[in-house]
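Structure data (mmCIF, C-alpha atoms) from my_file31.cif:
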data_start
#
loop_
_atom_site.group_PDB
_atom_site.id
_atom_site.type_symbol
_atom_site.label_atom_id
_atom_site.label_comp_id
_atom_site.auth_asym_id
_atom_site.auth_seq_id
_atom_site.Cartn_x
_atom_site.Cartn_y
_atom_site.Cartn_z
ATOM 1 C CA MET A 1 -8.783 -12.843 -4.021
ATOM 2 C CA ARG A 2 -5.152 -13.110 -5.037
ATOM 3 C CA TRP A 3 -5.789 -12.846 -8.753
ATOM 4 C CA GLN A 4 -8.143 -9.952 -8.157
ATOM 5 C CA ARG A 5 -5.357 -8.067 -6.479
ATOM 6 C CA LEU A 6 -2.959 -9.052 -9.244
ATOM 7 C CA LEU A 7 -5.383 -7.803 -11.890
ATOM 8 C CA SER A 8 -5.920 -4.473 -10.205
ATOM 9 C CA THR A 9 -2.170 -4.084 -9.716
ATOM 10 C CA ILE A 10 -1.516 -4.750 -13.383
ATOM 11 C CA ARG A 11 -4.244 -2.295 -14.356
ATOM 12 C CA LEU A 12 -2.706 0.390 -12.150
ATOM 13 C CA ARG A 13 0.830 -0.187 -13.453
ATOM 14 C CA LEU A 14 -0.287 -0.118 -17.081
ATOM 15 C CA ARG A 15 -2.160 3.080 -16.435
ATOM 16 C CA SER A 16 0.936 4.634 -14.827
ATOM 17 C CA LEU A 17 2.971 3.675 -17.873
ATOM 18 C CA PHE A 18 0.678 4.378 -20.796
ATOM 19 C CA ARG A 19 -1.703 7.019 -19.471
ATOM 20 C CA ARG A 20 1.053 8.847 -17.697
ATOM 21 C CA SER A 21 0.022 12.387 -18.592
ATOM 22 C CA LYS A 22 -3.531 11.695 -17.458
ATOM 23 C CA ALA A 23 -2.306 10.282 -14.160
ATOM 24 C CA ASP A 24 -0.067 13.316 -13.697
ATOM 25 C CA GLN A 25 -2.910 15.675 -14.487
ATOM 26 C CA GLU A 26 -5.130 13.954 -11.931
ATOM 27 C CA LEU A 27 -2.375 14.219 -9.360
ATOM 28 C CA ARG A 28 -2.104 17.962 -9.991
ATOM 29 C CA ASP A 29 -5.902 18.306 -9.835
ATOM 30 C CA GLU A 30 -5.964 16.458 -6.547
ATOM 31 C CA LEU A 31 -3.357 18.701 -4.954
ATOM 32 C CA GLN A 32 -5.027 21.782 -6.463
ATOM 33 C CA ASP A 33 -8.324 20.683 -4.936
ATOM 34 C CA HIS A 34 -6.660 20.396 -1.557
ATOM 35 C CA LEU A 35 -5.065 23.808 -1.957
ATOM 36 C CA GLU A 36 -8.337 25.498 -2.883
ATOM 37 C CA ARG A 37 -10.097 24.016 0.106
ATOM 38 C CA GLN A 38 -7.319 25.266 2.363
ATOM 39 C CA ILE A 39 -7.572 28.751 0.810
ATOM 40 C CA GLN A 40 -11.324 28.770 1.326
ATOM 41 C CA GLU A 41 -10.878 27.756 4.931
ATOM 42 C CA ASN A 42 -8.322 30.510 5.452
ATOM 43 C CA ILE A 43 -10.640 33.095 3.909
ATOM 44 C CA ASP A 44 -13.482 31.902 6.114
ATOM 45 C CA ALA A 45 -11.151 32.364 9.073
ATOM 46 C CA GLY A 46 -10.781 36.015 8.121
ATOM 47 C CA MET A 47 -7.673 36.232 5.940
ATOM 48 C CA THR A 48 -7.491 38.321 2.790
ATOM 49 C CA PRO A 49 -7.432 36.191 -0.407
ATOM 50 C CA ASP A 50 -3.706 36.829 -0.930
ATOM 51 C CA GLU A 51 -2.806 35.913 2.618
ATOM 52 C CA ALA A 52 -5.035 32.865 2.411
ATOM 53 C CA ARG A 53 -3.310 31.709 -0.749
ATOM 54 C CA LEU A 54 0.209 32.166 0.593
ATOM 55 C CA SER A 55 -0.616 30.491 3.861
ATOM 56 C CA ALA A 56 -2.205 27.530 2.076
ATOM 57 C CA LEU A 57 0.850 27.125 -0.160
ATOM 58 C CA ARG A 58 3.087 27.159 2.892
ATOM 59 C CA ALA A 59 0.949 24.598 4.681
ATOM 60 C CA LEU A 60 1.035 22.150 1.801
ATOM 61 C CA GLY A 61 4.760 22.508 1.155
ATOM 62 C CA GLY A 62 6.537 22.273 -2.189
ATOM 63 C CA SER A 63 3.963 20.852 -4.551
ATOM 64 C CA ALA A 64 6.551 19.770 -7.126
ATOM 65 C CA GLN A 65 8.226 17.749 -4.412
ATOM 66 C CA ILE A 66 4.958 16.164 -3.284
ATOM 67 C CA GLU A 67 4.032 15.323 -6.870
ATOM 68 C CA GLU A 68 7.395 13.651 -7.320
ATOM 69 C CA GLN A 69 6.968 11.642 -4.123
ATOM 70 C CA CYS A 70 3.525 10.520 -5.260
ATOM 71 C CA ARG A 71 4.890 9.515 -8.650
ATOM 72 C CA GLU A 72 7.585 7.474 -6.927
ATOM 73 C CA GLN A 73 4.844 5.346 -5.386
ATOM 74 C CA ARG A 74 3.722 4.131 -8.799
ATOM 75 C CA ARG A 75 6.436 1.454 -8.969
ATOM 76 C CA VAL A 76 7.069 1.937 -12.649
ATOM 77 C CA ARG A 77 10.039 4.192 -12.100
ATOM 78 C CA ILE A 78 12.470 1.479 -13.135
ATOM 79 C CA VAL A 79 10.722 0.964 -16.488
ATOM 80 C CA GLU A 80 10.426 4.695 -17.112
ATOM 81 C CA ASP A 81 14.101 5.228 -16.338
ATOM 82 C CA PHE A 82 15.090 2.366 -18.583
ATOM 83 C CA LEU A 83 13.093 3.757 -21.506
ATOM 84 C CA GLN A 84 14.582 7.160 -20.901
ATOM 85 C CA ASP A 85 18.100 5.724 -20.923
ATOM 86 C CA LEU A 86 17.312 3.853 -24.110
ATOM 87 C CA ARG A 87 16.073 6.999 -25.837
ATOM 88 C CA TYR A 88 19.103 8.891 -24.618
ATOM 89 C CA GLY A 89 21.374 6.165 -25.976
ATOM 90 C CA PHE A 90 19.776 6.306 -29.409
ATOM 91 C CA ARG A 91 20.007 10.088 -29.477
ATOM 92 C CA GLN A 92 23.721 9.895 -28.700
ATOM 93 C CA LEU A 93 24.239 7.311 -31.441
ATOM 94 C CA ARG A 94 22.462 9.500 -33.961
ATOM 95 C CA ARG A 95 24.573 12.476 -33.032
ATOM 96 C CA SER A 96 27.804 10.830 -34.178
ATOM 97 C CA PRO A 97 26.862 8.500 -37.069
ATOM 98 C CA GLY A 98 30.466 7.739 -38.059
ATOM 99 C CA PHE A 99 31.446 6.494 -34.658
ATOM 100 C CA SER A 100 28.183 4.567 -34.302
ATOM 101 C CA THR A 101 28.665 2.805 -37.641
ATOM 102 C CA LEU A 102 32.218 1.880 -36.695
ATOM 103 C CA ALA A 103 31.101 0.516 -33.320
ATOM 104 C CA VAL A 104 28.264 -1.510 -34.854
ATOM 105 C CA LEU A 105 30.625 -2.841 -37.534
ATOM 106 C CA CYS A 106 33.238 -3.895 -34.959
ATOM 107 C CA LEU A 107 30.609 -5.657 -32.867
ATOM 108 C CA THR A 108 29.150 -7.403 -35.922
ATOM 109 C CA LEU A 109 32.536 -8.638 -37.086
ATOM 110 C CA GLY A 110 33.590 -9.680 -33.591
ATOM 111 C CA ILE A 111 30.423 -11.611 -32.824
ATOM 112 C CA GLY A 112 30.349 -13.115 -36.330
ATOM 113 C CA ALA A 113 33.950 -14.294 -36.157
ATOM 114 C CA ASN A 114 33.410 -15.783 -32.708
ATOM 115 C CA ALA A 115 30.318 -17.648 -33.830
ATOM 116 C CA ALA A 116 32.114 -18.986 -36.898
ATOM 117 C CA VAL A 117 35.127 -20.199 -34.926
ATOM 118 C CA PHE A 118 32.942 -21.773 -32.276
ATOM 119 C CA SER A 119 30.771 -23.648 -34.735
ATOM 120 C CA TRP A 120 33.961 -24.924 -36.422
ATOM 121 C CA ILE A 121 35.467 -26.037 -33.083
ATOM 122 C CA GLU A 122 32.174 -27.593 -32.065
ATOM 123 C CA GLY A 123 32.031 -29.631 -35.271
ATOM 124 C CA ILE A 124 35.647 -30.773 -35.033
ATOM 125 C CA LEU A 125 36.283 -31.190 -31.296
ATOM 126 C CA LEU A 126 33.113 -31.169 -29.260
ATOM 127 C CA ARG A 127 30.681 -33.164 -31.405
ATOM 128 C CA PRO A 128 32.917 -35.411 -33.495
ATOM 129 C CA PHE A 129 30.132 -37.367 -35.233
ATOM 130 C CA PRO A 130 27.792 -34.750 -36.648
ATOM 131 C CA ALA A 131 25.897 -37.381 -38.628
ATOM 132 C CA VAL A 132 24.701 -39.205 -35.478
ATOM 133 C CA ALA A 133 21.347 -37.890 -34.331
ATOM 134 C CA HIS A 134 21.435 -38.921 -30.648
ATOM 135 C CA GLN A 135 24.985 -38.231 -29.602
ATOM 136 C CA GLU A 136 24.235 -38.982 -25.974
ATOM 137 C CA ARG A 137 23.633 -42.641 -26.896
ATOM 138 C CA LEU A 138 27.046 -43.052 -28.512
ATOM 139 C CA VAL A 139 29.453 -45.445 -26.793
ATOM 140 C CA ALA A 140 32.885 -46.771 -27.725
ATOM 141 C CA ILE A 141 33.485 -50.502 -27.739
ATOM 142 C CA ALA A 142 36.859 -52.007 -26.916
ATOM 143 C CA ALA A 143 38.039 -55.551 -26.444
ATOM 144 C CA THR A 144 39.895 -56.770 -23.406
ATOM 145 C CA LYS A 145 42.669 -59.304 -23.287
ATOM 146 C CA THR A 146 42.886 -61.896 -20.543
ATOM 147 C CA ALA A 147 46.178 -63.282 -21.690
ATOM 148 C CA GLY A 148 48.254 -61.434 -19.065
ATOM 149 C CA GLY A 149 46.364 -62.998 -16.104
ATOM 150 C CA LYS A 150 43.435 -61.626 -14.126
ATOM 151 C CA LYS A 151 45.345 -58.761 -12.577
ATOM 152 C CA ASP A 152 46.017 -57.133 -15.888
ATOM 153 C CA ILE A 153 42.524 -57.204 -17.325
ATOM 154 C CA GLU A 154 41.717 -53.594 -16.700
ATOM 155 C CA SER A 155 44.820 -52.247 -18.290
ATOM 156 C CA ALA A 156 44.740 -54.605 -21.228
ATOM 157 C CA TYR A 157 42.407 -52.906 -23.644
ATOM 158 C CA ASP A 158 42.778 -53.776 -27.253
ATOM 159 C CA ASN A 159 41.221 -52.685 -30.513
ATOM 160 C CA LEU A 160 38.551 -54.839 -32.073
ATOM 161 C CA SER A 161 39.627 -56.836 -35.044
ATOM 162 C CA TRP A 162 37.876 -56.383 -38.378
ATOM 163 C CA PRO A 163 36.230 -59.877 -38.321
ATOM 164 C CA ASP A 164 34.981 -59.203 -34.771
ATOM 165 C CA TRP A 165 33.408 -55.983 -35.948
ATOM 166 C CA LEU A 166 31.656 -57.785 -38.792
ATOM 167 C CA ASP A 167 30.287 -60.332 -36.309
ATOM 168 C CA PHE A 168 29.027 -57.618 -33.987
ATOM 169 C CA GLN A 169 27.289 -55.904 -36.834
ATOM 170 C CA LYS A 170 25.588 -59.105 -37.853
ATOM 171 C CA ASN A 171 24.594 -60.612 -34.490
ATOM 172 C CA CYS A 172 24.655 -58.049 -31.709
ATOM 173 C CA THR A 173 21.174 -56.722 -30.806
ATOM 174 C CA LEU A 174 22.336 -54.516 -27.926
ATOM 175 C CA PHE A 175 23.103 -51.568 -30.212
ATOM 176 C CA ASP A 176 21.132 -49.943 -32.987
ATOM 177 C CA SER A 177 24.087 -49.848 -35.356
ATOM 178 C CA PHE A 178 27.864 -49.708 -35.488
ATOM 179 C CA ILE A 179 30.243 -47.257 -37.097
ATOM 180 C CA VAL A 180 34.024 -47.189 -37.362
ATOM 181 C CA MET B 181 5.418 22.667 25.595
ATOM 182 C CA SER B 182 7.277 20.253 23.405
ATOM 183 C CA LYS B 183 6.394 20.121 19.758
ATOM 184 C CA PRO B 184 3.992 17.404 18.618
ATOM 185 C CA SER B 185 5.941 14.197 18.241
ATOM 186 C CA ASP B 186 6.472 12.782 14.808
ATOM 187 C CA LEU B 187 4.456 9.785 13.811
ATOM 188 C CA VAL B 188 6.012 6.433 14.546
ATOM 189 C CA GLN B 189 7.314 5.050 11.291
ATOM 190 C CA GLY B 190 4.618 3.317 9.282
ATOM 191 C CA THR B 191 1.691 4.298 11.483
ATOM 192 C CA LEU B 192 0.383 6.847 8.989
ATOM 193 C CA ASP B 193 -0.718 3.971 6.741
ATOM 194 C CA LEU B 194 -2.565 2.386 9.632
ATOM 195 C CA LEU B 195 -4.327 5.629 10.540
ATOM 196 C CA VAL B 196 -5.373 6.319 6.958
ATOM 197 C CA LEU B 197 -6.687 2.791 6.504
ATOM 198 C CA LYS B 198 -8.671 3.040 9.716
ATOM 199 C CA ILE B 199 -10.200 6.394 8.815
ATOM 200 C CA LEU B 200 -11.165 5.129 5.376
ATOM 201 C CA ALA B 201 -12.706 2.023 6.926
ATOM 202 C CA LEU B 202 -15.305 4.309 8.483
ATOM 203 C CA GLN B 203 -16.246 6.060 5.244
ATOM 204 C CA PRO B 204 -14.797 7.028 1.841
ATOM 205 C CA LEU B 205 -13.133 10.441 1.983
ATOM 206 C CA ASN B 206 -11.002 12.743 -0.144
ATOM 207 C CA GLY B 207 -7.481 13.798 0.785
ATOM 208 C CA TRP B 208 -8.560 17.048 2.367
ATOM 209 C CA ASP B 209 -11.131 15.384 4.597
ATOM 210 C CA ILE B 210 -8.681 12.672 5.623
ATOM 211 C CA SER B 211 -6.260 15.364 6.710
ATOM 212 C CA ARG B 212 -9.006 17.204 8.669
ATOM 213 C CA ARG B 213 -10.185 13.983 10.237
ATOM 214 C CA LEU B 214 -6.687 13.015 11.392
ATOM 215 C CA LYS B 215 -6.228 16.334 13.161
ATOM 216 C CA GLN B 216 -9.733 16.332 14.572
ATOM 217 C CA ILE B 217 -9.769 12.817 16.004
ATOM 218 C CA SER B 218 -6.305 13.008 17.508
ATOM 219 C CA GLY B 219 -7.055 16.398 19.056
ATOM 220 C CA ASP B 220 -4.228 18.048 17.099
ATOM 221 C CA VAL B 221 -1.661 15.776 18.726
ATOM 222 C CA LEU B 222 -0.865 14.136 15.427
ATOM 223 C CA GLN B 223 0.260 16.784 12.996
ATOM 224 C CA VAL B 224 0.408 14.877 9.757
ATOM 225 C CA SER B 225 1.820 17.170 7.145
ATOM 226 C CA ASP B 226 -0.257 17.171 4.000
ATOM 227 C CA GLY B 227 2.981 16.791 2.119
ATOM 228 C CA SER B 228 3.399 13.276 3.491
ATOM 229 C CA LEU B 229 -0.281 12.361 3.445
ATOM 230 C CA TYR B 230 -0.586 12.391 -0.344
ATOM 231 C CA PRO B 231 2.420 10.160 -1.098
ATOM 232 C CA SER B 232 1.060 7.767 1.512
ATOM 233 C CA LEU B 233 -2.365 7.735 -0.149
ATOM 234 C CA HIS B 234 -0.795 7.014 -3.515
ATOM 235 C CA LYS B 235 1.255 4.220 -2.031
ATOM 236 C CA LEU B 236 -1.801 2.592 -0.466
ATOM 237 C CA GLU B 237 -3.597 2.898 -3.779
ATOM 238 C CA GLN B 238 -0.755 1.237 -5.657
ATOM 239 C CA GLU B 239 -0.718 -1.559 -3.086
ATOM 240 C CA GLY B 240 -4.377 -2.158 -3.882
ATOM 241 C CA TRP B 241 -5.520 -1.456 -0.333
ATOM 242 C CA ILE B 242 -7.552 1.589 -1.225
ATOM 243 C CA SER B 243 -9.194 2.561 -4.487
ATOM 244 C CA ALA B 244 -9.686 6.064 -5.798
ATOM 245 C CA GLU B 245 -12.554 7.588 -7.688
ATOM 246 C CA TRP B 246 -13.292 11.106 -8.908
ATOM 247 C CA ARG B 247 -16.697 12.127 -7.645
ATOM 248 C CA PRO B 248 -18.546 15.393 -7.318
ATOM 249 C CA SER B 249 -18.411 16.712 -3.789
ATOM 250 C CA GLU B 250 -20.112 19.701 -2.190
ATOM 251 C CA ASN B 251 -20.520 22.997 -4.095
ATOM 252 C CA ASN B 252 -19.770 21.812 -7.618
ATOM 253 C CA ARG B 253 -16.261 20.578 -7.031
ATOM 254 C CA ARG B 254 -14.864 17.271 -8.088
ATOM 255 C CA SER B 255 -12.641 15.462 -5.621
ATOM 256 C CA LYS B 256 -10.672 12.265 -5.599
ATOM 257 C CA PHE B 257 -12.367 10.023 -3.060
ATOM 258 C CA TYR B 258 -10.555 7.097 -1.538
ATOM 259 C CA SER B 259 -12.263 4.011 -0.167
ATOM 260 C CA LEU B 260 -11.014 0.843 1.460
ATOM 261 C CA THR B 261 -10.856 -2.308 -0.673
ATOM 262 C CA ARG B 262 -11.322 -5.826 0.624
ATOM 263 C CA GLN B 263 -7.575 -6.370 0.660
ATOM 264 C CA GLY B 264 -7.308 -3.072 2.481
ATOM 265 C CA ARG B 265 -9.605 -4.335 5.196
ATOM 266 C CA LYS B 266 -7.408 -7.387 5.652
ATOM 267 C CA GLN B 267 -4.327 -5.204 5.756
ATOM 268 C CA LEU B 268 -5.983 -2.999 8.356
ATOM 269 C CA GLU B 269 -6.609 -6.027 10.583
ATOM 270 C CA LYS B 270 -3.024 -7.119 10.190
ATOM 271 C CA GLU B 271 -1.576 -3.695 10.947
ATOM 272 C CA THR B 272 -3.903 -3.183 13.898
ATOM 273 C CA ALA B 273 -2.717 -6.455 15.412
ATOM 274 C CA ASN B 274 0.871 -5.381 14.793
ATOM 275 C CA TRP B 275 0.253 -2.059 16.450
ATOM 276 C CA ASP B 276 -1.311 -3.704 19.507
ATOM 277 C CA ARG B 277 1.706 -5.938 19.877
ATOM 278 C CA LEU B 278 4.184 -3.114 19.467
ATOM 279 C CA SER B 279 2.444 -0.660 21.783
ATOM 280 C CA ALA B 280 1.920 -3.309 24.474
ATOM 281 C CA ALA B 281 5.617 -4.129 24.376
ATOM 282 C CA ILE B 282 6.660 -0.495 24.578
ATOM 283 C CA SER B 283 4.299 0.417 27.400
ATOM 284 C CA GLY B 284 5.455 -2.660 29.261
ATOM 285 C CA ILE B 285 8.974 -1.282 29.229
ATOM 286 C CA VAL B 286 8.084 2.345 29.860
ATOM 287 C CA ARG B 287 6.005 1.513 32.939
ATOM 288 C CA LEU B 288 8.684 -0.555 34.649
ATOM 289 C CA LYS B 289 8.951 0.515 38.315
ATOM 290 C CA GLU B 290 12.308 1.867 39.364
ATOM 291 C CA VAL B 291 13.628 0.412 42.635
#
Rendering of file as structure tokens:
Amino acid sequence: MRWQRLLSTIRLRLRSLFRRSKADQELRDELQDHLERQIQENIDAGMTPDEARLSALRALGGSAQIEEQCREQRRVRIVEDFLQDLRYGFRQLRRSPGFSTLAVLCLTLGIGANAAVFSWIEGILLRPFPAVAHQERLVAIAATKTAGGKKDIESAYDNLSWPDWLDFQKNCTLFDSFIV
Amino acid sequence: MSKPSDLVQGTLDLLVLKILALQPLNGWDISRRLKQISGDVLQVSDGSLYPSLHKLEQEGWISAEWRPSENNRRSKFYSLTRQGRKQLEKETANWDRLSAAISGIVRLKEV
């Protein structure tokens, strides 16, 4: 039930977009059909053909306006407008090639320079060990000194000594590998 | 005599759905039928009927089909879909609620 409705909606929207002239023609035919029936009714009621026609046109109202209101119901207006804007944009660009080239060049250089600087900063500052595959598993090891009494433990960080590091590398199974 | 009152907002959809629930019709016949059944009280302008029909079609509540009608013409006939029937039930219930509430207020006795 739901997907049926979805399918028929998609079919209708696609038709409104890609068979637009056919949909418009059918809309005109539909209103024309209505108009002719009204004219016939007026003639049957005793009007002359001209009177009948004018009166029918008056009764229906502005047909261009009605057509537009019907088209608005198709829900593809936003896509149509977007495409129209896009086409308009390209036309404007083509009209002044010098300015367009300059604008494209400026954008290219600007974006390129930004990307270059960022990738440099990223390599240097944000991801300092580019050779390590899983950066999120990186940790730093530090030694602590207990010499200053229990109170000072937290503030007493110290660097590992070279022999300690060699021992870690040989015996510690907690980490995959060590680098300095 | 005061002029025929405008349709309450949104009721045109309900009326069209109901009329199409009885039988598939083209735009012209729907317009005739509306005037006929309501005894000319409801003057739906044809200018607002067609946008409404197209809206209902886009919602998937009615489907349209070009078919030959009397004396060699081809007309766009609208018929209610299954979703349309559900929508009709929903809108009818809504209408009952709304009209009951309004008549309740309008018929209050003054003391």
Write out as a count of residues only every residue belonging to chain B that has an atom at most 10 Å from any atom of chain A, counting all atoms listed in the file.
-> 32
Which residues come within 9 Å of Arg265 of chain B, counting only C-alpha atoms, excluding same-chain residues fewer than 5 positions away, as a ChimeraX atom specification?
-> /B:197-198,201,241-242,260,270
A:Ala103, A:Leu86, A:Ala115, A:Ile179 ranked by distance to Val132 of chain A, top pick (using all atoms listed in the file) = A:Ile179
Residues matched by the PyMOL selection byres ((chain A and resi 161-164) around 12) as an mmCIF file with C-alpha atoms, keeping the file's coordinate frame:
data_model
loop_
_atom_site.group_PDB
_atom_site.id
_atom_site.type_symbol
_atom_site.label_atom_id
_atom_site.label_comp_id
_atom_site.auth_asym_id
_atom_site.auth_seq_id
_atom_site.Cartn_x
_atom_site.Cartn_y
_atom_site.Cartn_z
ATOM 1 C CA ILE A 141 33.485 -50.502 -27.739
ATOM 2 C CA ALA A 142 36.859 -52.007 -26.916
ATOM 3 C CA ALA A 143 38.039 -55.551 -26.444
ATOM 4 C CA THR A 144 39.895 -56.770 -23.406
ATOM 5 C CA ASP A 158 42.778 -53.776 -27.253
ATOM 6 C CA ASN A 159 41.221 -52.685 -30.513
ATOM 7 C CA LEU A 160 38.551 -54.839 -32.073
ATOM 8 C CA TRP A 165 33.408 -55.983 -35.948
ATOM 9 C CA LEU A 166 31.656 -57.785 -38.792
ATOM 10 C CA ASP A 167 30.287 -60.332 -36.309
ATOM 11 C CA PHE A 168 29.027 -57.618 -33.987
ATOM 12 C CA GLN A 169 27.289 -55.904 -36.834
ATOM 13 C CA LYS A 170 25.588 -59.105 -37.853
ATOM 14 C CA ASN A 171 24.594 -60.612 -34.490
ATOM 15 C CA CYS A 172 24.655 -58.049 -31.709
ATOM 16 C CA PHE A 178 27.864 -49.708 -35.488
ATOM 17 C CA ILE A 179 30.243 -47.257 -37.097
ATOM 18 C CA VAL A 180 34.024 -47.189 -37.362
#
Report as a PyMOL selection string the full result of the PyMOL selection byres ((chain A and resi 55) around 12) when it is applied to this structure.
-> chain A and resi 35-36+38-43+45+47-54+56-61
Serialized selection, C-alpha atoms, as a PDB file, in the coordinates of the input:
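File written: again23.pdb
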ATOM      1  CA  LEU A  35      -5.065  23.808  -1.957  1.00  0.00           C
ATOM      2  CA  GLU A  36      -8.337  25.498  -2.883  1.00  0.00           C
ATOM      3  CA  GLN A  38      -7.319  25.266   2.363  1.00  0.00           C
ATOM      4  CA  ILE A  39      -7.572  28.751   0.810  1.00  0.00           C
ATOM      5  CA  GLN A  40     -11.324  28.770   1.326  1.00  0.00           C
ATOM      6  CA  GLU A  41     -10.878  27.756   4.931  1.00  0.00           C
ATOM      7  CA  ASN A  42      -8.322  30.510   5.452  1.00  0.00           C
ATOM      8  CA  ILE A  43     -10.640  33.095   3.909  1.00  0.00           C
ATOM      9  CA  ALA A  45     -11.151  32.364   9.073  1.00  0.00           C
ATOM     10  CA  MET A  47      -7.673  36.232   5.940  1.00  0.00           C
ATOM     11  CA  THR A  48      -7.491  38.321   2.790  1.00  0.00           C
ATOM     12  CA  PRO A  49      -7.432  36.191  -0.407  1.00  0.00           C
ATOM     13  CA  ASP A  50      -3.706  36.829  -0.930  1.00  0.00           C
ATOM     14  CA  GLU A  51      -2.806  35.913   2.618  1.00  0.00           C
ATOM     15  CA  ALA A  52      -5.035  32.865   2.411  1.00  0.00           C
ATOM     16  CA  ARG A  53      -3.310  31.709  -0.749  1.00  0.00           C
ATOM     17  CA  LEU A  54       0.209  32.166   0.593  1.00  0.00           C
ATOM     18  CA  ALA A  56      -2.205  27.530   2.076  1.00  0.00           C
ATOM     19  CA  LEU A  57       0.850  27.125  -0.160  1.00  0.00           C
ATOM     20  CA  ARG A  58       3.087  27.159   2.892  1.00  0.00           C
ATOM     21  CA  ALA A  59       0.949  24.598   4.681  1.00  0.00           C
ATOM     22  CA  LEU A  60       1.035  22.150   1.801  1.00  0.00           C
ATOM     23  CA  GLY A  61       4.760  22.508   1.155  1.00  0.00           C
TER      24      GLY A  61
END
Separation of atom CA of Leu200 of chain B from atom CA of Glu250 of chain B in Å = 18.7 Å
Would you pull segment 103-145 of chain A out of the block just shown and save C-alpha atoms as a compact mmCIF listing (two decimals), in the first residue's frame?
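Written out: selection_5.txt:
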# COMPACT_ATOMS: atom_id res chain seq x y z
CA ALA A 103 36.68 33.95 -11.40
CA VAL A 104 37.30 30.25 -12.06
CA LEU A 105 41.06 30.81 -11.86
CA CYS A 106 40.78 32.67 -8.53
CA LEU A 107 38.60 29.93 -7.08
CA THR A 108 40.95 27.20 -8.31
CA LEU A 109 44.01 28.89 -6.85
CA GLY A 110 42.25 29.70 -3.58
CA ILE A 111 40.89 26.21 -3.03
CA GLY A 112 44.17 24.63 -4.17
CA ALA A 113 46.28 26.75 -1.83
CA ASN A 114 43.96 26.05 1.08
CA ALA A 115 44.07 22.32 0.47
CA ALA A 116 47.86 22.37 0.22
CA VAL A 117 48.30 24.34 3.44
CA PHE A 118 45.83 22.15 5.28
CA SER A 119 47.43 18.90 4.22
CA TRP A 120 50.81 20.32 5.32
CA ILE A 121 49.42 21.41 8.71
CA GLU A 122 47.66 18.09 9.11
CA GLY A 123 50.89 16.19 8.50
CA ILE A 124 52.94 18.36 10.85
CA LEU A 125 50.53 19.26 13.67
CA LEU A 126 47.40 17.16 13.65
CA ARG A 127 48.68 13.69 12.76
CA PRO A 128 52.30 13.71 13.90
CA PHE A 129 53.08 10.06 13.09
CA PRO A 130 51.96 9.56 9.51
CA ALA A 131 53.64 6.15 9.36
CA VAL A 132 51.36 4.68 12.07
CA ALA A 133 48.30 3.06 10.55
CA HIS A 134 45.92 3.16 13.54
CA GLN A 135 46.57 6.52 15.10
CA GLU A 136 43.71 6.12 17.54
CA ARG A 137 45.61 3.29 19.26
CA LEU A 138 48.69 5.42 19.89
CA VAL A 139 49.51 6.16 23.53
CA ALA A 140 52.45 7.87 25.22
CA ILE A 141 54.27 6.09 28.02
CA ALA A 142 55.90 7.96 30.88
CA ALA A 143 57.55 6.82 34.07
CA THR A 144 56.60 8.07 37.49
CA LYS A 145 58.90 8.73 40.40
